[in-house]
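Trainee: Structure file upload_23.txt (compact mmCIF, C-alpha atoms) is given on the next line.
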```
# COMPACT_ATOMS: atom_id res chain seq x y z
CA MET K 504 6.14 -28.14 19.00
CA ASP K 505 7.44 -28.16 22.55
CA LYS K 506 7.23 -25.18 24.87
CA THR K 507 10.91 -24.32 24.49
CA THR K 508 10.51 -23.94 20.75
CA LYS K 509 7.53 -21.64 21.27
CA ASP K 510 9.37 -19.43 23.74
CA ILE K 511 12.51 -18.85 21.67
CA SER K 512 11.07 -18.77 18.13
CA GLY K 513 11.90 -15.82 15.89
CA PRO K 514 14.98 -13.75 15.18
CA GLN K 515 14.80 -12.01 18.56
CA GLY K 516 13.15 -14.76 20.65
CA ASP K 517 10.83 -13.39 23.32
CA THR K 518 11.26 -15.62 26.35
CA THR K 519 8.54 -13.88 28.36
CA PRO K 520 5.89 -16.45 29.37
CA ARG K 521 2.89 -16.25 27.08
CA ARG K 522 0.45 -15.46 29.91
CA ALA K 523 2.63 -12.55 31.05
CA ARG K 524 2.85 -11.21 27.51
CA ARG K 525 -0.96 -11.19 27.22
CA GLN K 526 -1.36 -9.36 30.52
CA ALA K 527 1.41 -6.87 29.80
CA GLY K 528 -0.30 -5.64 26.63
CA PRO K 529 1.07 -3.68 23.66
CA ALA K 530 3.59 -1.59 25.64
CA HIS K 531 5.48 -4.73 26.68
CA VAL K 532 5.11 -6.61 23.42
CA SER K 533 6.49 -3.67 21.44
CA ALA K 534 9.90 -4.51 22.97
CA ALA K 535 9.86 -7.80 21.06
CA ARG K 536 10.20 -7.79 17.32
CA PRO K 537 6.93 -8.95 15.71
CA HIS K 538 7.17 -11.62 13.09
CA VAL K 539 4.25 -10.14 11.15
CA VAL K 540 2.83 -6.63 10.90
CA ILE K 541 -0.60 -6.37 9.28
CA ALA K 542 -1.73 -2.97 8.01
CA GLY K 543 -5.51 -2.62 8.04
CA ALA K 544 -8.13 -4.06 10.40
CA GLY K 545 -11.01 -4.57 8.04
CA MET K 546 -12.61 -7.99 7.99
CA VAL K 547 -9.82 -9.47 5.85
CA GLY K 548 -7.09 -8.02 8.08
CA LEU K 549 -8.85 -9.23 11.22
CA SER K 550 -9.33 -12.74 9.81
CA LEU K 551 -5.71 -12.90 8.64
CA ALA K 552 -4.37 -11.89 12.06
CA LEU K 553 -6.61 -14.46 13.75
CA ALA K 554 -5.68 -17.21 11.27
CA LEU K 555 -1.93 -16.61 11.59
CA HIS K 556 -2.14 -16.64 15.36
CA GLN K 557 -4.21 -19.80 15.59
CA ALA K 558 -2.53 -21.76 12.78
CA SER K 559 0.91 -21.13 14.28
CA GLY K 560 -0.25 -22.21 17.73
CA GLY K 561 0.45 -18.72 19.04
CA ILE K 562 4.09 -18.84 17.91
CA PHE K 563 3.80 -15.97 15.44
CA ARG K 564 3.99 -12.56 17.08
CA VAL K 565 1.44 -10.55 15.12
CA ARG K 566 0.84 -6.82 15.29
CA LEU K 567 -2.28 -5.35 13.66
CA VAL K 568 -2.07 -1.63 12.90
CA ASP K 569 -5.08 0.47 11.93
CA PRO K 570 -5.95 4.16 12.41
CA GLY K 571 -9.49 3.20 13.43
CA PHE K 572 -8.55 1.42 16.67
CA GLY K 573 -9.97 3.26 19.67
CA LYS K 574 -12.59 5.07 17.58
CA PRO K 575 -16.33 4.30 17.29
CA PRO K 576 -16.92 1.70 14.56
CA ARG K 577 -18.17 3.07 11.27
CA THR K 578 -21.32 1.63 9.73
CA ASP K 579 -21.31 1.52 5.93
CA GLY K 580 -24.68 -0.12 5.44
CA ARG K 581 -23.32 -3.16 3.66
CA ALA K 582 -24.04 -6.84 4.17
CA SER K 583 -22.15 -9.67 2.51
CA ALA K 584 -23.00 -13.04 1.06
CA ILE K 585 -20.52 -15.27 2.89
CA ALA K 586 -19.81 -18.38 0.81
CA ALA K 587 -19.82 -21.80 2.47
CA GLY K 588 -16.02 -22.04 2.27
CA ALA K 589 -15.53 -18.69 4.00
CA ARG K 590 -18.10 -19.68 6.64
CA ARG K 591 -16.13 -22.87 7.34
CA MET K 592 -13.00 -20.80 7.81
CA LEU K 593 -14.72 -18.40 10.19
CA CYS K 594 -16.16 -21.32 12.16
CA GLU K 595 -12.68 -22.85 12.42
CA LEU K 596 -11.39 -19.52 13.73
CA GLY K 597 -14.23 -19.22 16.26
CA ALA K 598 -15.49 -16.06 14.57
CA TRP K 599 -18.79 -17.09 12.96
CA PRO K 600 -21.72 -15.03 14.31
CA GLU K 601 -24.63 -16.49 16.23
CA ALA K 602 -27.32 -18.15 14.11
CA ALA K 603 -29.79 -15.36 14.93
CA ASP K 604 -27.42 -12.86 13.24
CA THR K 605 -27.15 -14.75 9.93
CA GLN K 606 -29.55 -15.67 7.15
CA ALA K 607 -29.06 -18.72 4.94
CA ILE K 608 -29.60 -18.19 1.22
CA THR K 609 -31.77 -21.16 0.31
CA ASP K 610 -32.41 -20.34 -3.33
CA MET K 611 -32.01 -17.61 -5.93
CA ILE K 612 -33.94 -16.35 -8.94
CA VAL K 613 -32.64 -14.38 -11.93
CA THR K 614 -34.74 -12.16 -14.21
CA ASP K 615 -33.86 -10.02 -17.22
CA SER K 616 -36.19 -7.17 -18.14
CA ARG K 617 -36.57 -3.51 -18.94
CA LEU K 618 -37.54 -1.05 -16.25
CA ASP K 619 -41.06 -0.50 -17.61
CA ASP K 620 -41.87 -4.16 -18.32
CA GLY K 621 -45.11 -5.15 -16.63
CA VAL K 622 -43.94 -8.74 -16.05
CA ARG K 623 -40.50 -10.02 -15.10
CA PRO K 624 -40.38 -13.70 -15.98
CA THR K 625 -37.96 -15.85 -13.98
CA LEU K 626 -35.34 -17.15 -16.40
CA LEU K 627 -33.04 -19.00 -14.00
CA THR K 628 -33.44 -20.49 -10.55
CA PHE K 629 -30.81 -21.84 -8.18
CA ALA K 630 -31.48 -24.06 -5.21
CA GLY K 631 -28.74 -26.18 -3.74
CA GLU K 632 -26.33 -26.83 -0.92
CA ALA K 633 -22.57 -26.92 -0.60
CA SER K 634 -23.03 -30.21 1.24
CA GLU K 635 -26.00 -31.89 2.88
CA GLY K 636 -27.58 -29.43 5.28
CA GLU K 637 -25.05 -26.69 4.43
CA PRO K 638 -26.36 -23.68 2.45
CA PHE K 639 -24.06 -22.44 -0.30
CA ALA K 640 -24.02 -18.96 1.30
CA HIS K 641 -25.28 -16.90 4.24
CA MET K 642 -26.04 -13.19 4.40
CA VAL K 643 -24.40 -11.34 7.30
CA GLU K 644 -24.24 -7.63 7.99
CA ASN K 645 -20.65 -6.42 7.75
CA ALA K 646 -20.84 -4.66 11.12
CA VAL K 647 -21.97 -7.89 12.82
CA LEU K 648 -19.19 -9.94 11.24
CA ALA K 649 -16.53 -7.34 12.02
CA ALA K 650 -17.64 -7.25 15.67
CA ARG K 651 -17.44 -11.05 15.89
CA LEU K 652 -13.93 -11.11 14.41
CA THR K 653 -12.84 -8.33 16.75
CA ALA K 654 -14.15 -10.23 19.78
CA ALA K 655 -12.35 -13.42 18.73
CA LEU K 656 -9.10 -11.53 18.20
CA ALA K 657 -9.36 -9.84 21.59
CA ALA K 658 -8.88 -13.24 23.25
CA THR K 659 -5.46 -13.69 21.61
CA ASP K 660 -1.96 -12.29 22.01
CA VAL K 661 -2.23 -10.28 18.79
CA VAL K 662 -1.24 -6.66 19.43
CA GLN K 663 -3.78 -4.16 18.12
CA GLN K 664 -2.32 -0.71 17.68
CA SER K 665 -3.90 2.54 16.56
CA GLY K 666 -1.99 4.20 13.76
CA SER K 667 -0.72 3.54 10.27
CA ILE K 668 2.54 2.67 8.54
CA ALA K 669 4.26 5.84 7.34
CA SER K 670 7.17 4.16 5.56
CA LEU K 671 8.91 0.84 4.96
CA GLU K 672 12.54 0.01 4.31
CA ARG K 673 12.79 -3.54 3.04
CA HIS K 674 15.99 -5.55 3.53
CA PRO K 675 16.98 -9.12 2.51
CA SER K 676 16.28 -10.49 6.01
CA HIS K 677 13.67 -8.11 7.46
CA VAL K 678 11.71 -4.91 6.98
CA ASP K 679 12.15 -1.69 8.99
CA ILE K 680 8.88 0.08 9.70
CA ARG K 681 8.15 3.64 10.76
CA LEU K 682 4.66 4.30 12.09
CA ASP K 683 2.91 7.64 11.76
CA ASP K 684 3.53 8.43 15.44
CA GLY K 685 7.28 8.03 14.92
CA GLU K 686 7.64 4.56 16.46
CA ARG K 687 10.10 2.32 14.66
CA LEU K 688 10.12 -1.45 14.62
CA ALA K 689 11.33 -4.35 12.52
CA ALA K 690 9.44 -7.41 11.31
CA ASP K 691 9.92 -10.40 9.07
CA VAL K 692 7.09 -9.40 6.74
CA VAL K 693 4.38 -6.76 6.26
CA LEU K 694 0.95 -7.79 5.00
CA ALA K 695 -1.04 -5.01 3.33
CA CYS K 696 -4.77 -5.24 4.06
CA ASP K 697 -5.17 -1.48 3.74
CA GLY K 698 -7.87 -1.45 1.10
CA ALA K 699 -8.42 -0.44 -2.51
CA ARG K 700 -6.34 2.73 -2.11
CA SER K 701 -3.48 0.88 -0.45
CA ARG K 702 -0.64 3.22 0.38
CA LEU K 703 1.72 0.30 0.92
CA ARG K 704 0.97 -1.00 -2.58
CA THR K 705 1.62 2.42 -4.09
CA ASP K 706 4.85 2.96 -2.12
CA ALA K 707 6.09 -0.44 -3.31
CA GLY K 708 5.60 0.68 -6.92
CA ILE K 709 2.97 -1.95 -7.66
CA ARG K 710 0.43 -0.72 -10.21
CA MET K 711 -3.23 -1.63 -10.45
CA VAL K 712 -4.57 -2.47 -13.90
CA GLY K 713 -8.23 -2.42 -14.83
CA TRP K 714 -11.05 0.02 -15.40
CA ASP K 715 -13.89 1.92 -13.82
CA TYR K 716 -17.44 0.99 -14.82
CA ASP K 717 -19.14 4.39 -14.66
CA GLN K 718 -21.53 2.57 -12.34
CA SER K 719 -22.25 3.00 -8.65
CA ALA K 720 -23.92 0.66 -6.19
CA ILE K 721 -26.61 2.10 -3.93
CA VAL K 722 -26.76 0.07 -0.73
CA THR K 723 -29.31 0.09 2.05
CA THR K 724 -31.39 -2.21 4.24
CA LEU K 725 -35.05 -2.61 3.38
CA LEU K 726 -38.02 -3.54 5.58
CA HIS K 727 -40.93 -5.44 4.03
CA ASP K 728 -44.17 -6.96 5.29
CA GLU K 729 -43.84 -10.44 3.79
CA PRO K 730 -41.03 -12.92 4.60
CA HIS K 731 -38.41 -13.61 1.93
CA HIS K 732 -38.00 -17.30 2.91
CA GLY K 733 -34.27 -17.06 2.31
CA ARG K 734 -34.62 -16.27 -1.38
CA ALA K 735 -32.15 -13.98 -3.14
CA GLU K 736 -33.24 -12.12 -6.26
CA GLU K 737 -31.06 -10.73 -9.05
CA HIS K 738 -32.97 -8.55 -11.48
CA PHE K 739 -30.88 -7.60 -14.50
CA LEU K 740 -31.96 -4.17 -15.70
CA PRO K 741 -30.35 -2.16 -18.53
CA ALA K 742 -28.46 0.09 -16.08
CA GLY K 743 -27.11 -2.85 -14.06
CA PRO K 744 -28.15 -5.57 -11.62
CA PHE K 745 -30.73 -4.88 -8.92
CA ALA K 746 -30.10 -7.40 -6.14
CA ILE K 747 -32.43 -8.15 -3.23
CA LEU K 748 -30.60 -10.27 -0.67
CA PRO K 749 -32.28 -11.86 2.38
CA LEU K 750 -31.30 -10.74 5.87
CA ASN K 751 -32.32 -12.11 9.26
CA ASP K 752 -35.31 -10.47 10.98
CA ASP K 753 -34.38 -7.58 13.24
CA ALA K 754 -34.88 -7.43 17.03
CA GLN K 755 -38.47 -6.26 16.52
CA GLY K 756 -39.22 -9.25 14.28
CA ARG K 757 -39.40 -7.13 11.12
CA HIS K 758 -38.54 -8.80 7.81
CA ARG K 759 -35.44 -7.34 6.16
CA SER K 760 -33.44 -7.56 2.94
CA SER K 761 -30.19 -5.98 1.80
CA LEU K 762 -30.42 -3.96 -1.40
CA VAL K 763 -27.53 -3.60 -3.85
CA TRP K 764 -28.84 -1.38 -6.64
CA THR K 765 -26.46 -0.72 -9.55
CA GLU K 766 -26.97 2.37 -11.68
CA LYS K 767 -24.95 4.60 -13.97
CA SER K 768 -22.96 6.91 -11.72
CA ARG K 769 -24.80 10.08 -12.78
CA GLU K 770 -28.18 8.47 -12.12
CA ALA K 771 -26.98 7.06 -8.80
CA THR K 772 -25.99 10.57 -7.72
CA ARG K 773 -29.47 11.82 -8.62
CA LEU K 774 -31.17 8.97 -6.75
CA MET K 775 -29.03 9.51 -3.66
CA ALA K 776 -30.08 13.18 -3.61
CA LEU K 777 -33.81 12.37 -3.60
CA ASP K 778 -35.87 12.79 -0.46
CA ASP K 779 -37.34 9.68 1.15
CA ASP K 780 -40.58 9.84 -0.84
CA GLY K 781 -38.79 10.26 -4.16
CA PHE K 782 -36.35 7.46 -3.41
CA HIS K 783 -39.21 5.18 -2.33
CA GLU K 784 -41.06 5.79 -5.60
CA ALA K 785 -37.97 4.93 -7.67
CA LEU K 786 -37.35 1.88 -5.47
CA LEU K 787 -40.88 0.49 -5.91
CA GLN K 788 -40.62 0.81 -9.70
CA ARG K 789 -37.79 -1.74 -9.55
CA PHE K 790 -38.61 -3.74 -6.43
CA GLY K 791 -42.29 -4.45 -7.04
CA HIS K 792 -44.90 -5.54 -4.49
CA HIS K 793 -44.21 -9.27 -4.10
CA LEU K 794 -42.94 -8.78 -0.53
CA GLY K 795 -45.78 -6.46 0.44
CA ARG K 796 -45.19 -2.93 1.63
CA VAL K 797 -41.48 -2.06 1.40
CA ARG K 798 -39.52 0.88 2.81
CA ALA K 799 -35.92 1.81 3.48
CA GLY K 800 -35.00 0.88 7.03
CA ALA K 801 -31.55 2.44 7.18
CA GLN K 802 -29.32 5.14 5.76
CA ARG K 803 -28.41 4.93 2.06
CA PHE K 804 -24.84 4.59 0.89
CA SER K 805 -23.28 4.70 -2.58
CA TYR K 806 -20.00 3.25 -3.86
CA PRO K 807 -18.28 3.56 -7.27
CA LEU K 808 -17.63 0.24 -9.02
CA ALA K 809 -14.48 -0.94 -10.78
CA MET K 810 -12.49 -3.98 -11.86
CA LYS K 811 -8.82 -3.66 -10.91
CA VAL K 812 -6.08 -6.16 -10.11
CA ALA K 813 -2.54 -5.51 -8.86
CA ARG K 814 0.24 -6.42 -11.31
CA ARG K 815 1.96 -8.20 -8.46
CA PHE K 816 0.54 -9.51 -5.21
CA VAL K 817 3.94 -9.59 -3.50
CA ALA K 818 7.27 -7.80 -3.26
CA ASP K 819 10.30 -8.27 -0.99
CA ARG K 820 8.91 -8.73 2.56
CA LEU K 821 5.46 -7.50 1.46
CA ALA K 822 2.21 -9.22 0.42
CA LEU K 823 -1.07 -7.63 -0.74
CA VAL K 824 -4.29 -9.13 0.58
CA GLY K 825 -7.97 -8.46 -0.15
CA ASP K 826 -8.93 -5.16 -1.75
CA ALA K 827 -5.29 -4.05 -1.74
CA ALA K 828 -4.73 -6.76 -4.37
CA HIS K 829 -8.01 -6.78 -6.28
CA ILE K 830 -11.38 -5.08 -6.74
CA ILE K 831 -14.20 -6.76 -8.66
CA HIS K 832 -17.81 -5.99 -9.56
CA PRO K 833 -20.29 -7.04 -6.82
CA ILE K 834 -22.58 -8.76 -9.33
CA ALA K 835 -21.73 -12.21 -7.90
CA GLY K 836 -21.14 -11.10 -4.30
CA GLN K 837 -17.61 -12.56 -4.28
CA GLY K 838 -15.40 -9.58 -3.34
CA LEU K 839 -15.10 -10.27 0.39
CA ASN K 840 -14.96 -14.02 -0.22
CA LEU K 841 -11.90 -13.51 -2.43
CA GLY K 842 -10.28 -11.64 0.45
CA PHE K 843 -10.99 -14.49 2.86
CA ARG K 844 -9.49 -16.93 0.34
CA ASP K 845 -6.39 -14.72 0.21
CA ALA K 846 -6.11 -14.80 4.00
CA ALA K 847 -6.53 -18.58 4.14
CA ALA K 848 -3.99 -19.22 1.36
CA LEU K 849 -1.37 -16.80 2.72
CA THR K 850 -1.71 -18.25 6.22
CA GLN K 851 -1.20 -21.77 4.90
CA VAL K 852 1.85 -20.77 2.84
CA MET K 853 3.52 -18.90 5.72
CA VAL K 854 2.80 -21.48 8.42
CA GLU K 855 3.92 -24.41 6.27
CA ALA K 856 7.13 -22.56 5.38
CA PHE K 857 7.79 -21.84 9.06
CA ARG K 858 7.33 -25.49 9.98
CA LEU K 859 9.90 -26.44 7.35
CA GLY K 860 12.37 -23.94 8.77
CA GLU K 861 12.04 -21.62 5.79
CA ASP K 862 12.05 -17.83 5.90
CA PHE K 863 8.32 -17.20 5.50
CA GLY K 864 8.83 -13.53 4.62
CA ASN K 865 11.22 -14.29 1.77
CA LEU K 866 10.05 -13.31 -1.70
CA ALA K 867 10.29 -16.87 -3.00
CA ILE K 868 7.89 -18.04 -0.27
CA LEU K 869 5.47 -15.16 -0.81
CA GLU K 870 5.43 -15.93 -4.53
CA ARG K 871 3.81 -19.28 -3.68
CA TYR K 872 0.88 -17.29 -2.34
CA GLU K 873 0.82 -15.12 -5.47
CA ARG K 874 0.78 -18.11 -7.81
CA TRP K 875 -1.97 -19.74 -5.77
CA ARG K 876 -4.26 -16.74 -5.71
CA ARG K 877 -3.64 -14.89 -8.96
CA PHE K 878 -5.44 -17.22 -11.38
CA ASP K 879 -8.49 -17.57 -9.15
CA THR K 880 -8.67 -13.79 -8.75
CA LEU K 881 -8.38 -13.08 -12.47
CA ALA K 882 -10.91 -15.80 -13.32
CA MET K 883 -13.48 -14.36 -10.90
CA GLY K 884 -12.72 -10.79 -11.96
CA PHE K 885 -13.23 -11.47 -15.67
CA ALA K 886 -16.31 -13.61 -14.98
CA THR K 887 -18.01 -10.79 -13.06
CA ASP K 888 -16.86 -8.26 -15.67
CA GLY K 889 -18.33 -10.37 -18.46
CA LEU K 890 -21.64 -10.80 -16.66
CA ASN K 891 -21.91 -7.10 -16.00
CA ARG K 892 -21.17 -6.18 -19.61
CA LEU K 893 -23.52 -8.86 -20.95
CA PHE K 894 -26.50 -7.82 -18.84
CA SER K 895 -26.01 -4.07 -18.32
CA ASN K 896 -27.34 -3.07 -21.73
CA ASP K 897 -30.58 -2.98 -23.68
CA ILE K 898 -29.43 -4.27 -27.08
CA GLY K 899 -32.25 -6.40 -28.47
CA VAL K 900 -30.17 -9.14 -30.10
CA ILE K 901 -27.97 -9.55 -27.02
CA ARG K 902 -31.03 -9.64 -24.77
CA GLY K 903 -32.54 -12.42 -26.83
CA LEU K 904 -29.35 -14.50 -26.82
CA ARG K 905 -28.67 -14.10 -23.10
CA ASP K 906 -32.25 -14.95 -22.17
CA LEU K 907 -32.02 -18.05 -24.35
CA GLY K 908 -28.78 -18.98 -22.63
CA LEU K 909 -30.29 -18.53 -19.17
CA GLY K 910 -33.22 -20.72 -20.14
CA ILE K 911 -30.87 -23.47 -21.31
CA VAL K 912 -28.83 -23.30 -18.11
CA ASP K 913 -32.03 -23.52 -16.07
CA ARG K 914 -32.72 -26.91 -17.66
CA LEU K 915 -29.26 -28.37 -16.96
CA PRO K 916 -29.01 -29.50 -13.31
CA ARG K 917 -25.36 -30.54 -13.61
CA LEU K 918 -24.33 -27.15 -14.94
CA LYS K 919 -26.27 -25.44 -12.14
CA SER K 920 -24.40 -27.65 -9.66
CA VAL K 921 -21.13 -26.28 -11.05
CA PHE K 922 -22.37 -22.74 -10.45
CA ILE K 923 -23.41 -23.66 -6.89
CA GLY K 924 -19.93 -25.13 -6.28
CA ASN K 925 -18.26 -21.93 -7.43
CA ALA K 926 -20.64 -19.79 -5.39
CA SER K 927 -19.77 -21.93 -2.35
CA GLY K 928 -16.06 -21.22 -2.77
CA LEU K 929 -15.29 -24.93 -2.72
CA VAL K 930 -14.02 -25.44 -6.27
CA GLY K 931 -10.38 -25.64 -7.29
CA ASP K 932 -7.32 -25.68 -5.03
CA VAL K 933 -9.10 -24.74 -1.82
CA PRO K 934 -7.01 -23.75 1.25
CA ARG K 935 -7.49 -26.03 4.25
CA LEU K 936 -9.15 -23.35 6.37
CA LEU K 937 -11.88 -22.98 3.73
CA GLN K 938 -12.44 -26.71 3.92
CA GLY K 939 -13.02 -26.31 7.66
CA GLN K 940 -9.71 -28.01 8.48
CA PRO K 941 -6.84 -26.74 10.62
CA ILE K 942 -3.54 -26.01 8.92
```
As structure tokens, how would this structure be written, given the file I've shared?

Mentor:
Amino acid sequence: MDKTTKDISGPQGDTTPRRARRQAGPAHVSAARPHVVIAGAGMVGLSLALALHQASGGIFRVRLVDPGFGKPPRTDGRASAIAAGARRMLCELGAWPEAADTQAITDMIVTDSRLDDGVRPTLLTFAGEASEGEPFAHMVENAVLAARLTAALAATDVVQQSGSIASLERHPSHVDIRLDDGERLAADVVLACDGARSRLRTDAGIRMVGWDYDQSAIVTTLLHDEPHHGRAEEHFLPAGPFAILPLNDDAQGRHRSSLVWTEKSREATRLMALDDDGFHEALLQRFGHHLGRVRAGAQRFSYPLAMKVARRFVADRLALVGDAAHIIHPIAGQGLNLGFRDAAALTQVMVEAFRLGEDFGNLAILERYERWRRFDTLAMGFATDGLNRLFSNDIGVIRGLRDLGLGIVDRLPRLKSVFIGNASGLVGDVPRLLQGQPI
């Protein structure tokens, strides 16, 4: 589009030169009505703001609101398996971390055993690539990825404002917003990236359906003497999966892995209360000695697990994105990847509608996003739920059948290729950003 179109776009066209708007900062930009207000600056909210800005060529005026702006970043101990599709998107946005801060997952093994079994035979192995030379996933610490997204966003015109949305009044042509500090503004659409306990979702009367698992995930970073060689391990134990995920070596050259240890919630509470020696003893009983001496290298964290999906992903002038729309079991490491797929799909829908002269905040347009993402979300949610229920038990007959099934899958390369494709996030109707293509 030509420069004139850029300068006057939007219901209240801001004719201030773009360079001046960047230098003036939030106080000046607040005088212009934003096209899009995003609530929540987690990794999905950050990526969505960055994608909307870049895909629109800077035309969209985007305001990102989060109560955490201006405060020290919180560390929650988590690392994520970033699928190849999500990595392509982050590369396209200029937000993929340096190679030294990532760890490719080169292969994966799956075992199924009881806690006191002396031997854990490998029942299933995965080794493959999304494309030649491209691993199907990388492990990245959440804090590292969030910092990289924040740095990329800082180079844009996106307004980042500390605070939260206190109330919304949605109209046929716009939405009126009141922030918690009393500021009022209008926008074309509000995008809720405000997490599993989304206030915007609740205020819109959108219910979540699903269930809690009575399981909690214990998360920490482990140090070990022997290198992991990029191998991920998923040990299915009666209480739930025990996942050892490879991380990059730290600054001192120490070998590291991310632990996601699923237990019944009562047992997880007991384990979290143990001193370091007691926790280490329980850890070794499950971890083993194949990576040499192992010890916790960071603080422990614990999170309750659930499977919940919003009845609707959209309402008038409102769209739910990421955890505000869905929560799934971490057994396949796909929760954050689903959020990135949401961001990529919603960006594509809104930008394409804008280019066609359509009202991108209209319910009919937002429903395109809902139709695109709902089936994929439900399919992944029920797949992870089924896996968790199948393996988180110690029923003899079921154990025998599932181990037989894993052995059969291990001998079918084509079927394993299908699993690799799904793990890469490159199966189905994939948004262009996840293909590494501009919108």

Trainee: Write out as a list in words the residues lying within 12 Å of Gly795 in chain K, counting all atoms listed in the file and excluding same-chain residues fewer than 4 positions away.

Mentor: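 Result of the neighbour search: Leu725, Leu726, His727, Asp728, Glu729, Pro730, His731, His758, Arg759, Leu787, Phe790 and Gly791 of chain K.
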
Trainee: Mind pulling up the distance from CA of Leu866 in chain K to CA of Arg687 in chain K?

Mentor: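 Atom-to-atom, CA of Arg687 in chain K and CA of Leu866 in chain K are spaced 22.6 Å apart.
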
Trainee: Quick one: distance from CA of Met592 in chain K to CA of Ala818 in chain K in Å, one decimal?

Mentor: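 Separation of CA of Met592 in chain K and CA of Ala818 in chain K: 26.5 Å.
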
Trainee: Calculated over all atoms listed in the file, which of the candidates K:Leu904, K:Val763, K:Ile680, K:Ala799 has the smallest distance to Gly781 in chain K?

Mentor: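 Result for the nearest residue to Gly781 in chain K: K:Ala799.
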
Trainee: In Å, rounded to a single decimal, give me how far CA of Leu551 in chain K is from CA of Ala695 in chain K.

Mentor: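 If I compute the distance from CA of Ala695 in chain K to CA of Leu551 in chain K, I get 10.6 Å.
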
Trainee: For Arg681 in chain K, which of K:Ala658, K:Asp697, K:Leu652, K:Val568 is the closest residue, counting all atoms listed in the file?

Mentor: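 The answer is K:Val568, which sits nearest to Arg681 in chain K.
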
Trainee: For Asp862 in chain K, work out the shell of residues within 12 Å, counting all atoms listed in the file and skipping chain neighbours fewer than 2 positions away, then give it as a count of residues only.

Mentor: 25

Trainee: Can you find the residues with an atom no farther than 12 Å from (-18.3, 6.2, -17.4), counting all atoms listed in the file, and report them as number ranges by chain?

Mentor: K: 714-719, 742, 766-770, 807-809

Trainee: Give me, as a ChimeraX atom specification, all polymer residues having an atom no more than 12 Å from Leu849 in chain K, counting only C-alpha atoms and skipping those fewer than 6 positions away in the same chain.

Mentor: /K:547-548,550-552,554-555,558,692,694-695,816-817,821-825,842-843,855-856,863-864,868-876,933-936,942

Trainee: So that I can check the surroundings of Ala603 in chain K, please list as number ranges by chain every protein, DNA and RNA residue that reaches within 12 Å of it, counting only C-alpha atoms and ignoring chain neighbours fewer than 5 positions away.

Mentor: K: 641-644, 647, 750-754, 756

Trainee: Which residues, written as a list of chain:residue names, have at least one atom at most 7 Å from Ala655 in chain K, with only C-alpha atoms counted and residues fewer than 4 positions away on the same chain left out?

Mentor: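 Selected residues are K:Gly597, K:Ala598, K:Arg651.
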
Trainee: Let me make sure I understand: among K:Val539, K:Ala690, K:Ile612, K:Ala846, which one has the smallest atom-to-atom distance to Leu567 in chain K if we use all atoms listed in the file?

Mentor: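 Ranked by minimum distance to Leu567 in chain K, first place goes to K:Val539.
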
Trainee: Which of these, K:Ala699, K:Leu748, K:Met611, K:Leu549, has the shortest distance to Gly631 in chain K once you count all atoms listed in the file?

Mentor: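 Of all the options, K:Met611 lies closest to Gly631 in chain K.
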